[in-house]
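Have a look at the structure below, then the notes.
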Number of protein chains: 2
Amino acid sequence: MPSLPHASSLERLRESNRRAITSLLAVEGPMSRADLVRGTGLSRTTVSSLVGELIGTGQVVETADRGRPHKGGSGRPPLLVALAAPTGGVAGVDIGHRHVRVAVADRRGVVLAERTEPMDVDENGVAVLDRAARLVEQMATETLAAVGMCVPAPLDRRSARVRTGILPGWRELSPAEELHRRLGVPVFADNDANLGALAELGHGAARGATDVVYVKVASGLGAGIVLGGRLHRGASGIAGELGHVQVGEDGQVCRCGNRGCLETLVSAPRLLDLLQPAYDEQLSVARVLELDAAGDAGVRRVLSDAGRAVGRALADLCNNLNPELVVVGGSLGASASLDEAIRGSVERYAQPDTAAALRVVPGSLGDRAEVVGAVSLAIARVAV
Amino acid sequence: MPSLPHASSLERLRESNRRAITSLLAVEGPMSRADLVRGTGLSRTTVSSLVGELIGTGQVVETADRGRPHKGGSGRPPLLVALAAPTGGVAGVDIGHRHVRVAVADRRGVVLAERTEPMDVDENGVAVLDRAARLVEQMATETLAAVGMCVPAPLDRRSARVRTGILPGWRELSPAEELHRRLGVPVFADNDANLGALAELGHGAARGATDVVYVKVASGLGAGIVLGGRLHRGASGIAGELGHVQVGEDGQVCRCGNRGCLETLVSAPRLLDLLQPAYDEQLSVARVLELDAAGDAGVRRVLSDAGRAVGRALADLCNNLNPELVVVGGSLGASASLDEAIRGSVERYAQPDTAAALRVVPGSLGDRAEVVGAVSLAIARVAV
DNA sequence: TTTCATTAGTGCGATTTCCGGACGAATCGG
DNA sequence: CCGATTCGTCCGGAAATCGCACTAATGAAA
């Protein structure tokens, strides 16, 4: 049993009441002392004294504008107090396979600037991190409190290194540590599916939900799993490997070392390979999405088949987890054919009761999901 | 925001300190006031006053035997205080498909009496509950504080009713409510896989683990999923339906309404049906386990095949959840062939990194898992 | 045997914190 | 202009904690 140096119990009581006030202000924004009384259940006197103390230390400020009295229009208008804007913004860095995207935001998550640069990421991790660091430095207008980072590969929980075999030019690299060395501020990294899930949970289609599976269909196939409102990372931090579910014993050999992984059937490069022979033009993901929207039969067929395969694996997962929501994201998640096929397939293959409790919706953040999630991660970690 | 009637902050402080003392006593057993000082960080005076108060209300008693001074042998020996044995024991009721088992335990989980009666459960829920209630009444030597109950079917989270289609004679019945009506004490119900997981987590092979998948292979096939040390029940309380993962589009129609469910391939009745034609004697699960232990080739083959199928579905689940431990339980979980096949298959089909972080072990509670879990559930709920 | 050192537990006064009531401040409506 | 209403602060009392002093009980050393 860990026995930290104990502060006095009364001190801790006051500290806890201070936190009650600051966290209420954090959640509900500027409010009057009287509102704080109603929200915390403390007495007017105590709130007044605590707020005075917090103003003294600079953690809370009295705003210039005044509010309205609690009910009716009659009564003295309150003075509003708000959390002092925390110094230092945050940044999110999204490293995709073909681009680096950086967003700078304030501590509430409002994005102030965002930039994307195309880049060949897979081959040389060090060069990409150099470039990303320079981008962040250029865009930041003030010193940053923390940086969140999206890495398109599973990370080892302990060492925070990229696990072997997925990104050739990143082997045994610790991206968070490298970027921290370059920027001098705390850097927190997670993979694309987890951050996408965090983003849709906080600012997207999954707002307010507690049990959510976020599926990212892009260069790879992964899931971010939110249970009880919190990201589930697993014992060694590599939960969510939906792409490595087994779909055929005799399938292709996968980069993970197994064969028959779902990802060997469903991924952007694989689908482009399948389609290319039938088209004169050079296909890209963007072009495929256009063709899908225009009703091209071949594209629709391939995307539907892919969606069905994903939906089937998802149905199994949903039978086990019984989530309320599946969010389909990633570059290919924008395809209506894929989305519909996933939805249909989940409903077909999941147990009826599971399917009844479940909604399958497309993500609402598009290709910004990862960078928004990286910002969320930075804010979440710096707040602790 | 729910706004309960707030007690005074100081009252809550004292209440919280009282709880600190009682919960320390609950975890570490009888100890001196001085030990409580060291464990809580409160002052001697405060602990003395709180303990005095707790003794006054009868929640804590001074034991007859005295302890040893904190270090060395020198010094006044302390008086030990302990939680007063909470009045009222608990009972666990395990309703299997062919039996009812009842255990009566004290509030610490020590089983005082246990009895099993064979019974045809599936057809008539009301009669079974009558019989179970009578058993509990006979066995209880004091009034019970709560009863935990194992139902071999998924329960709806909201209504606590048995979901349609699994147990014919229990349709739309609320077992907890029914038993509560008969016994007059709070009754908490959950399904067999969840309670098995709870039991192995608290008193079995999964002690100390935080991310565990408990697989029950018996009349049906289900999983109890523990994430972050807590049971994951899902949005509508039916998580863990491993038996309804899809393994073949053209498979048999399952009782859940789908076709191709894993449970149509792997379950005690199904395996007995497969084996029976090749044997002159009447087979039972017990006999099959004997034959397996004796090395019977046919039995081993069938159990291995079943284990491989389960292991494959489990591997997919583990890829998604990245647990540290899989516990194999249920009547058929005692088969070494099945256990080995599951282990091998998980290692073969799970992603290498996932498999490396994972152990697959047999359960250590055997057919007592459910009833032990039911007792744990009763204790957990009554403590709150 | 006596004395000292050490740990355990309790009583008392001081301190900290919280709360309720009284009071002034600011605004609306009549 | 005055009452009603709400907001915020000041003051005194109540509750809880803590440090200190004191007694109790035991082992070890003299």
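In the structure tokens, chains take letters A, B, ... by order of appearance, with residues numbered from 1 within each chain and ligands from 1 in the order shown.
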Would you write out, as JSON lines, a table of all residues in chain C that have an atom no more than 7 Å from an atom of chain A, listing for each the closest atom pair and the distance in Å to one decimal, considering only C-alpha atoms (C1' of nucleotides) and ordering rows by chain and rising residue number?
```
{"residue": "C:DT16", "atom": "C1'", "partner": "A:Leu10", "partner_atom": "CA", "distance": 6.8}
{"residue": "C:DT17", "atom": "C1'", "partner": "A:Leu10", "partner_atom": "CA", "distance": 6.8}
{"residue": "C:DC18", "atom": "C1'", "partner": "A:Thr46", "partner_atom": "CA", "distance": 6.6}
{"residue": "C:DC19", "atom": "C1'", "partner": "A:Ser43", "partner_atom": "CA", "distance": 6.5}
{"residue": "C:DA26", "atom": "C1'", "partner": "A:Arg76", "partner_atom": "CA", "distance": 4.5}
{"residue": "C:DT27", "atom": "C1'", "partner": "A:Arg76", "partner_atom": "CA", "distance": 4.9}
{"residue": "C:DC28", "atom": "C1'", "partner": "A:Ser74", "partner_atom": "CA", "distance": 4.7}
```
Requested write-out: N, CA and C atoms (P, O5', C5', C4', C3', O3' and C1' of nucleotides) of the selected residues, as a PDB file, in the first residue's frame:
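Output file part.pdb is given in full below:
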```
ATOM      1  P    DT C  16      -4.544  28.188  11.474  1.00  0.00           P
ATOM      2  O5'  DT C  16      -5.574  27.370  10.588  1.00  0.00           O
ATOM      3  C5'  DT C  16      -5.347  25.992  10.381  1.00  0.00           C
ATOM      4  C4'  DT C  16      -6.593  25.346   9.820  1.00  0.00           C
ATOM      5  C3'  DT C  16      -7.273  26.131   8.696  1.00  0.00           C
ATOM      6  O3'  DT C  16      -7.356  25.305   7.555  1.00  0.00           O
ATOM      7  C1'  DT C  16      -8.861  25.460  10.329  1.00  0.00           C
ATOM      8  P    DT C  17      -7.797  25.916   6.141  1.00  0.00           P
ATOM      9  O5'  DT C  17      -9.343  25.571   6.042  1.00  0.00           O
ATOM     10  C5'  DT C  17      -9.762  24.233   6.194  1.00  0.00           C
ATOM     11  C4'  DT C  17     -11.246  24.196   6.447  1.00  0.00           C
ATOM     12  C3'  DT C  17     -12.060  25.093   5.507  1.00  0.00           C
ATOM     13  O3'  DT C  17     -12.745  24.287   4.578  1.00  0.00           O
ATOM     14  C1'  DT C  17     -12.849  25.163   7.762  1.00  0.00           C
ATOM     15  P    DC C  18     -13.744  24.893   3.496  1.00  0.00           P
ATOM     16  O5'  DC C  18     -15.144  24.787   4.217  1.00  0.00           O
ATOM     17  C5'  DC C  18     -15.582  23.526   4.710  1.00  0.00           C
ATOM     18  C4'  DC C  18     -16.828  23.717   5.547  1.00  0.00           C
ATOM     19  C3'  DC C  18     -17.936  24.481   4.812  1.00  0.00           C
ATOM     20  O3'  DC C  18     -19.106  23.691   4.729  1.00  0.00           O
ATOM     21  C1'  DC C  18     -17.526  25.413   6.969  1.00  0.00           C
ATOM     22  P    DC C  19     -20.278  24.137   3.807  1.00  0.00           P
ATOM     23  O5'  DC C  19     -21.267  24.855   4.835  1.00  0.00           O
ATOM     24  C5'  DC C  19     -21.749  24.131   5.949  1.00  0.00           C
ATOM     25  C4'  DC C  19     -22.483  25.054   6.899  1.00  0.00           C
ATOM     26  C3'  DC C  19     -23.587  25.890   6.239  1.00  0.00           C
ATOM     27  O3'  DC C  19     -24.814  25.621   6.870  1.00  0.00           O
ATOM     28  C1'  DC C  19     -22.164  27.238   7.585  1.00  0.00           C
ATOM     29  P    DA C  26     -23.153  48.726  -5.995  1.00  0.00           P
ATOM     30  O5'  DA C  26     -24.280  48.088  -6.916  1.00  0.00           O
ATOM     31  C5'  DA C  26     -24.023  46.829  -7.541  1.00  0.00           C
ATOM     32  C4'  DA C  26     -25.291  46.331  -8.185  1.00  0.00           C
ATOM     33  C3'  DA C  26     -25.998  47.358  -9.088  1.00  0.00           C
ATOM     34  O3'  DA C  26     -26.250  46.741 -10.334  1.00  0.00           O
ATOM     35  C1'  DA C  26     -27.523  46.383  -7.589  1.00  0.00           C
ATOM     36  P    DT C  27     -26.419  47.574 -11.628  1.00  0.00           P
ATOM     37  O5'  DT C  27     -27.926  47.274 -12.055  1.00  0.00           O
ATOM     38  C5'  DT C  27     -28.277  45.941 -12.369  1.00  0.00           C
ATOM     39  C4'  DT C  27     -29.707  45.665 -11.985  1.00  0.00           C
ATOM     40  C3'  DT C  27     -30.763  46.522 -12.686  1.00  0.00           C
ATOM     41  O3'  DT C  27     -31.261  45.812 -13.808  1.00  0.00           O
ATOM     42  C1'  DT C  27     -31.332  45.926 -10.449  1.00  0.00           C
ATOM     43  P    DC C  28     -32.370  46.462 -14.738  1.00  0.00           P
ATOM     44  O5'  DC C  28     -33.743  45.908 -14.145  1.00  0.00           O
ATOM     45  C5'  DC C  28     -33.928  44.504 -14.000  1.00  0.00           C
ATOM     46  C4'  DC C  28     -35.337  44.218 -13.510  1.00  0.00           C
ATOM     47  C3'  DC C  28     -36.429  45.003 -14.256  1.00  0.00           C
ATOM     48  O3'  DC C  28     -37.509  44.144 -14.558  1.00  0.00           O
ATOM     49  C1'  DC C  28     -36.522  45.480 -11.915  1.00  0.00           C
TER      50       DC C  28
END
```
Discussion item. I need the residues in region 147-383 of chain A that are alpha helix (DSSP H) according to DSSP; give them as number ranges by chain.
Written reply: A: 175-183, 192-203, 268-275, 285-294, 297-321, 336-349, 352-356, 369-383
I need the residues from that last selection saved to file as a CSV table (one decimal), in the first residue's frame (with C-alpha atoms), if you can.
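Output file part-v3.csv follows:
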```
chain,number,residue,atom,x,y,z
A,175,PRO,CA,8.2,9.1,-31.9
A,176,ALA,CA,7.0,10.9,-28.8
A,177,GLU,CA,10.5,10.9,-27.4
A,178,GLU,CA,12.0,12.1,-30.7
A,179,LEU,CA,9.5,14.9,-31.1
A,180,HIS,CA,9.9,15.9,-27.5
A,181,ARG,CA,13.6,16.2,-28.0
A,182,ARG,CA,13.0,18.6,-30.9
A,183,LEU,CA,10.3,20.7,-29.4
A,192,ASP,CA,-4.6,6.7,-35.7
A,193,ALA,CA,-7.6,4.6,-34.7
A,194,ASN,CA,-7.4,5.5,-31.1
A,195,LEU,CA,-7.1,9.2,-31.8
A,196,GLY,CA,-9.9,9.1,-34.4
A,197,ALA,CA,-12.1,7.5,-31.7
A,198,LEU,CA,-11.1,10.2,-29.2
A,199,ALA,CA,-11.9,12.9,-31.8
A,200,GLU,CA,-15.3,11.5,-32.8
A,201,LEU,CA,-16.1,11.0,-29.1
A,202,GLY,CA,-15.2,14.6,-28.1
A,203,HIS,CA,-16.1,16.6,-31.2
A,268,ALA,CA,-6.8,1.4,-49.7
A,269,PRO,CA,-3.8,0.0,-51.7
A,270,ARG,CA,-5.4,-3.4,-51.9
A,271,LEU,CA,-8.7,-2.0,-53.3
A,272,LEU,CA,-6.8,0.2,-55.8
A,273,ASP,CA,-4.9,-2.8,-57.0
A,274,LEU,CA,-8.2,-4.6,-57.5
A,275,LEU,CA,-9.7,-1.8,-59.4
A,285,VAL,CA,-8.5,7.1,-53.3
A,286,ALA,CA,-10.0,10.5,-54.1
A,287,ARG,CA,-10.9,9.4,-57.6
A,288,VAL,CA,-12.4,6.2,-56.4
A,289,LEU,CA,-14.6,8.1,-54.0
A,290,GLU,CA,-15.7,10.3,-56.9
A,291,LEU,CA,-16.5,7.2,-59.0
A,292,ASP,CA,-18.4,5.7,-56.1
A,293,ALA,CA,-20.5,8.9,-55.7
A,294,ALA,CA,-21.1,8.9,-59.4
A,297,ALA,CA,-20.7,-0.1,-60.9
A,298,GLY,CA,-17.2,-1.7,-60.5
A,299,VAL,CA,-16.2,0.7,-57.7
A,300,ARG,CA,-19.4,0.2,-55.9
A,301,ARG,CA,-19.1,-3.6,-56.1
A,302,VAL,CA,-15.6,-3.6,-54.8
A,303,LEU,CA,-16.4,-1.2,-51.9
A,304,SER,CA,-19.5,-3.1,-51.0
A,305,ASP,CA,-17.6,-6.3,-50.9
A,306,ALA,CA,-15.0,-4.7,-48.7
A,307,GLY,CA,-17.7,-3.3,-46.4
A,308,ARG,CA,-19.3,-6.6,-46.1
A,309,ALA,CA,-16.0,-8.2,-45.0
A,310,VAL,CA,-15.4,-5.4,-42.4
A,311,GLY,CA,-19.0,-5.6,-41.3
A,312,ARG,CA,-18.7,-9.3,-40.6
A,313,ALA,CA,-15.7,-8.9,-38.4
A,314,LEU,CA,-17.3,-5.9,-36.7
A,315,ALA,CA,-20.4,-7.9,-36.0
A,316,ASP,CA,-18.4,-10.5,-34.2
A,317,LEU,CA,-16.7,-7.8,-32.2
A,318,CYS,CA,-20.1,-6.2,-31.4
A,319,ASN,CA,-21.5,-9.5,-30.2
A,320,ASN,CA,-18.7,-9.5,-27.7
A,321,LEU,CA,-18.7,-5.8,-26.7
A,336,ALA,CA,-21.5,5.6,-49.0
A,337,SER,CA,-21.3,2.1,-50.6
A,338,LEU,CA,-18.7,1.0,-48.0
A,339,ASP,CA,-20.7,2.6,-45.2
A,340,GLU,CA,-23.9,1.0,-46.3
A,341,ALA,CA,-22.4,-2.4,-46.8
A,342,ILE,CA,-20.9,-2.3,-43.3
A,343,ARG,CA,-24.2,-1.3,-41.8
A,344,GLY,CA,-26.0,-4.0,-43.6
A,345,SER,CA,-23.5,-6.6,-42.8
A,346,VAL,CA,-23.4,-5.8,-39.1
A,347,GLU,CA,-27.1,-6.1,-38.9
A,348,ARG,CA,-27.1,-9.3,-40.8
A,349,TYR,CA,-24.3,-11.0,-38.8
A,352,PRO,CA,-30.4,-9.7,-33.2
A,353,ASP,CA,-30.4,-8.2,-29.7
A,354,THR,CA,-27.0,-6.8,-30.2
A,355,ALA,CA,-27.9,-5.3,-33.6
A,356,ALA,CA,-31.0,-3.7,-32.1
A,369,ALA,CA,-10.3,13.1,-37.2
A,370,GLU,CA,-6.7,12.2,-36.3
A,371,VAL,CA,-5.4,15.7,-35.9
A,372,VAL,CA,-8.4,16.7,-33.8
A,373,GLY,CA,-7.9,13.6,-31.7
A,374,ALA,CA,-4.2,14.5,-31.3
A,375,VAL,CA,-5.2,17.9,-30.0
A,376,SER,CA,-7.7,16.2,-27.6
A,377,LEU,CA,-5.0,13.9,-26.3
A,378,ALA,CA,-2.7,16.8,-25.6
A,379,ILE,CA,-5.4,18.6,-23.7
A,380,ALA,CA,-6.4,15.5,-21.8
A,381,ARG,CA,-2.9,14.8,-20.7
A,382,VAL,CA,-1.8,18.3,-19.8
A,383,ALA,CA,-4.9,18.7,-17.7
```
With only C-alpha atoms (C1' of nucleotides) considered, list every residue of chain D at most 10 Å from chain A, as a PDB file with C-alpha atoms (C1' of nucleotides), in the first residue's frame.
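Result written to out00.pdb:
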```pdb
ATOM      1  C1'  DA D   4     -39.014  42.589  -4.094  1.00  0.00           C
ATOM      2  C1'  DT D   5     -35.372  39.906  -5.542  1.00  0.00           C
ATOM      3  C1'  DT D   6     -30.902  38.284  -6.247  1.00  0.00           C
ATOM      4  C1'  DC D   7     -25.897  38.768  -5.412  1.00  0.00           C
ATOM      5  C1'  DG D   8     -21.940  38.999  -2.635  1.00  0.00           C
ATOM      6  C1'  DT D   9     -19.472  39.781   1.892  1.00  0.00           C
ATOM      7  C1'  DC D  10     -18.750  40.030   6.906  1.00  0.00           C
ATOM      8  C1'  DA D  16     -13.732  18.610  12.670  1.00  0.00           C
ATOM      9  C1'  DT D  17      -8.916  18.206  12.732  1.00  0.00           C
ATOM     10  C1'  DC D  18      -4.373  18.516  14.803  1.00  0.00           C
TER      11       DC D  18
END
```
Fill in: Exercise: region 107-118 of chain A partners within 10 Å, only C-alpha atoms (C1' of nucleotides), chain neighbours under 2 positions left out, as an MDAnalysis selection string
chainID A and resid 26 85:105 120:121 131:132 135:136 139:141 144:146 202:203 368 371:373 375:376 378:380 382:383
Write out, as CSV, each residue of chain A that has an atom at most 7 Å from chain B, together with the closest pair of atoms and their distance in Å to one decimal, counting only C-alpha atoms, rows going by chain and rising number.
```
residue,atom,partner,partner_atom,distance
A:His6,CA,B:Gly41,CA,5.5
A:Ser9,CA,B:Leu42,CA,6.9
A:Leu13,CA,B:Leu13,CA,7.0
A:Gly41,CA,B:His6,CA,5.6
A:Asp211,CA,B:Ala235,CA,6.5
A:Gly234,CA,B:Asn322,CA,4.7
A:Ala235,CA,B:Pro323,CA,5.3
A:Ser236,CA,B:Ala357,CA,6.6
A:Ile238,CA,B:Asn322,CA,6.2
A:Ala239,CA,B:Leu321,CA,4.7
A:Gly240,CA,B:Asn320,CA,4.1
A:Glu241,CA,B:Asn320,CA,5.1
A:Leu242,CA,B:Asn320,CA,5.7
A:His244,CA,B:Gln351,CA,6.5
A:Val245,CA,B:Asp316,CA,4.9
A:Gln246,CA,B:Asp316,CA,6.7
A:Cys256,CA,B:Gln351,CA,6.7
A:Asn258,CA,B:Gln351,CA,6.7
A:Asp316,CA,B:Val245,CA,4.9
A:Leu317,CA,B:Leu317,CA,6.6
A:Asn319,CA,B:Glu241,CA,5.2
A:Asn320,CA,B:Gly240,CA,4.1
A:Leu321,CA,B:Ala239,CA,4.7
A:Asn322,CA,B:Gly234,CA,4.7
A:Pro323,CA,B:Ala235,CA,5.3
A:Glu324,CA,B:Ala235,CA,5.5
A:Tyr349,CA,B:Gln246,CA,6.7
A:Gln351,CA,B:His244,CA,6.5
A:Ala357,CA,B:Ser236,CA,6.6
```
Given the selection you just returned, output its residues as a file containing N, CA and C atoms, formatted as a compact mmCIF listing (two decimals), in the first residue's frame.
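File written: result23.txt
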```txt
# COMPACT_ATOMS: atom_id res chain seq x y z
N HIS A 6 1.01 12.61 3.67
CA HIS A 6 -0.36 13.05 3.79
C HIS A 6 -0.44 14.50 4.22
N SER A 9 -6.02 16.69 6.80
CA SER A 9 -7.31 16.33 6.26
C SER A 9 -8.14 17.57 5.94
N LEU A 13 -9.61 18.80 2.41
CA LEU A 13 -11.02 19.14 2.19
C LEU A 13 -11.13 20.44 1.40
N GLY A 41 -23.19 22.77 -4.05
CA GLY A 41 -23.82 22.46 -2.78
C GLY A 41 -23.10 23.06 -1.60
N ASP A 211 -20.03 3.66 -25.07
CA ASP A 211 -19.45 2.42 -25.61
C ASP A 211 -19.47 2.50 -27.13
N GLY A 234 -5.82 -1.92 -23.80
CA GLY A 234 -5.39 -3.31 -23.65
C GLY A 234 -4.16 -3.45 -22.79
N ALA A 235 -3.79 -4.71 -22.54
CA ALA A 235 -2.71 -5.00 -21.60
C ALA A 235 -1.38 -4.45 -22.09
N SER A 236 -1.11 -4.54 -23.38
CA SER A 236 0.16 -4.01 -23.86
C SER A 236 -0.06 -2.85 -24.83
N ILE A 238 -2.05 -2.49 -27.48
CA ILE A 238 -2.26 -2.71 -28.91
C ILE A 238 -3.65 -3.23 -29.21
N ALA A 239 -4.61 -2.87 -28.35
CA ALA A 239 -5.99 -3.27 -28.63
C ALA A 239 -6.47 -2.61 -29.92
N GLY A 240 -7.50 -3.17 -30.51
CA GLY A 240 -8.11 -2.56 -31.69
C GLY A 240 -7.56 -3.01 -33.01
N GLU A 241 -6.88 -4.15 -33.02
CA GLU A 241 -6.31 -4.61 -34.30
C GLU A 241 -7.35 -5.37 -35.11
N LEU A 242 -8.40 -4.67 -35.45
CA LEU A 242 -9.47 -5.28 -36.24
C LEU A 242 -8.96 -5.78 -37.58
N HIS A 244 -6.44 -7.36 -38.23
CA HIS A 244 -5.72 -8.64 -38.19
C HIS A 244 -6.58 -9.78 -37.68
N VAL A 245 -7.88 -9.54 -37.74
CA VAL A 245 -8.83 -10.63 -37.55
C VAL A 245 -8.68 -11.58 -38.73
N GLN A 246 -8.87 -12.87 -38.46
CA GLN A 246 -8.64 -13.89 -39.49
C GLN A 246 -9.89 -14.08 -40.34
N CYS A 256 1.87 -8.31 -40.67
CA CYS A 256 2.01 -8.62 -39.25
C CYS A 256 2.66 -9.98 -39.04
N ASN A 258 1.19 -12.93 -39.86
CA ASN A 258 0.18 -13.97 -40.04
C ASN A 258 -0.26 -14.04 -41.49
N ASP A 316 -18.92 -9.64 -35.21
CA ASP A 316 -18.38 -10.52 -34.17
C ASP A 316 -17.92 -9.70 -32.97
N LEU A 317 -17.21 -8.61 -33.25
CA LEU A 317 -16.73 -7.76 -32.16
C LEU A 317 -17.90 -7.18 -31.37
N ASN A 319 -20.90 -8.44 -31.05
CA ASN A 319 -21.50 -9.49 -30.22
C ASN A 319 -20.77 -9.59 -28.89
N ASN A 320 -19.48 -9.38 -28.92
CA ASN A 320 -18.71 -9.50 -27.68
C ASN A 320 -18.75 -8.25 -26.83
N LEU A 321 -18.83 -7.08 -27.47
CA LEU A 321 -18.75 -5.84 -26.69
C LEU A 321 -20.08 -5.13 -26.49
N ASN A 322 -21.05 -5.42 -27.34
CA ASN A 322 -22.37 -4.81 -27.20
C ASN A 322 -22.29 -3.29 -27.09
N PRO A 323 -21.64 -2.64 -28.06
CA PRO A 323 -21.54 -1.18 -28.02
C PRO A 323 -22.84 -0.53 -28.48
N GLU A 324 -22.97 0.77 -28.21
CA GLU A 324 -24.16 1.47 -28.67
C GLU A 324 -23.95 2.09 -30.05
N TYR A 349 -25.14 -10.03 -39.48
CA TYR A 349 -24.34 -11.05 -38.80
C TYR A 349 -24.31 -10.91 -37.28
N GLN A 351 -25.83 -10.71 -33.53
CA GLN A 351 -27.00 -11.27 -32.88
C GLN A 351 -28.12 -10.24 -32.87
N ALA A 357 -29.49 -2.82 -30.41
CA ALA A 357 -28.98 -1.79 -29.51
C ALA A 357 -27.93 -0.92 -30.17
```
Item to complete: Give me, please, the distance in Å between CA of Val162 (chain B) and CA of Val328 (chain B), quoted to one decimal.
Response: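 Here the two named atoms are 24.7 Å from each other.
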Item to complete: For region 28-30 of chain D, list every protein, DNA or RNA residue within 9 Å, evaluated using only C-alpha atoms (C1' of nucleotides), and leave out those in the same chain fewer than 6 positions away; present the list as a PyMOL selection string.
Response: (chain B and resi 74) or (chain C and resi 2-5)
Using N, CA and C atoms (P, O5', C5', C4', C3', O3' and C1' of nucleotides), can you write the selected residues to a file as an mmCIF file, in the first residue's frame?
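Written out: out-v8.cif:
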```
data_model
loop_
_atom_site.group_PDB
_atom_site.id
_atom_site.type_symbol
_atom_site.label_atom_id
_atom_site.label_comp_id
_atom_site.auth_asym_id
_atom_site.auth_seq_id
_atom_site.Cartn_x
_atom_site.Cartn_y
_atom_site.Cartn_z
ATOM 1 N N SER B 74 9.609 -3.746 21.723
ATOM 2 C CA SER B 74 9.480 -2.855 22.859
ATOM 3 C C SER B 74 8.343 -1.876 22.659
ATOM 4 P P DT C 2 12.214 -2.320 43.045
ATOM 5 O "O5'" DT C 2 13.016 -1.273 42.160
ATOM 6 C "C5'" DT C 2 14.401 -1.055 42.438
ATOM 7 C "C4'" DT C 2 15.025 -0.252 41.314
ATOM 8 C "C3'" DT C 2 14.133 0.889 40.796
ATOM 9 O "O3'" DT C 2 14.911 2.073 40.712
ATOM 10 C "C1'" DT C 2 14.818 -0.497 38.995
ATOM 11 P P DT C 3 14.224 3.460 40.328
ATOM 12 O "O5'" DT C 3 14.771 3.731 38.863
ATOM 13 C "C5'" DT C 3 16.129 3.386 38.553
ATOM 14 C "C4'" DT C 3 16.327 3.465 37.044
ATOM 15 C "C3'" DT C 3 15.543 4.592 36.378
ATOM 16 O "O3'" DT C 3 16.401 5.305 35.507
ATOM 17 C "C1'" DT C 3 15.096 2.538 35.301
ATOM 18 P P DC C 4 15.899 6.652 34.820
ATOM 19 O "O5'" DC C 4 16.068 6.319 33.258
ATOM 20 C "C5'" DC C 4 17.129 5.448 32.841
ATOM 21 C "C4'" DC C 4 16.827 4.910 31.457
ATOM 22 C "C3'" DC C 4 16.131 5.911 30.526
ATOM 23 O "O3'" DC C 4 16.789 5.907 29.264
ATOM 24 C "C1'" DC C 4 14.894 3.911 30.620
ATOM 25 P P DA C 5 16.415 6.995 28.195
ATOM 26 O "O5'" DA C 5 15.799 6.111 27.010
ATOM 27 C "C5'" DA C 5 16.385 4.835 26.731
ATOM 28 C "C4'" DA C 5 15.487 4.080 25.782
ATOM 29 C "C3'" DA C 5 14.773 4.969 24.763
ATOM 30 O "O3'" DA C 5 14.824 4.346 23.494
ATOM 31 C "C1'" DA C 5 13.184 3.701 25.983
#
```
Worksheet entry | All strand (DSSP E) positions in region 98-346 of chain A, as a count of residues only | 48
Item to complete: Check the smallest atom-to-atom distance from each of A:Ala153, A:Val327, A:Leu265, A:Leu80 to Val361 (chain A) using only C-alpha atoms, then report the winner.
Response: A:Val327
Fill in: DG13 (chain D) environment, 10 Å, only C-alpha atoms (C1' of nucleotides), sequence neighbours closer than 2 positions dropped, as number ranges by chain
C: 19-20; D: 11, 15
May I have the selected residues written with C-alpha atoms (C1' of nucleotides), as a short mmCIF file (atom, residue, chain, number, x, y, z; two decimals), in the first residue's frame?
```cif
data_model
loop_
_atom_site.label_atom_id
_atom_site.label_comp_id
_atom_site.auth_asym_id
_atom_site.auth_seq_id
_atom_site.Cartn_x
_atom_site.Cartn_y
_atom_site.Cartn_z
"C1'" DC C 19 -22.16 27.24 7.59
"C1'" DG C 20 -26.27 30.34 8.70
"C1'" DC D 11 -19.30 38.01 11.42
"C1'" DA D 15 -17.80 21.05 13.64
#
```
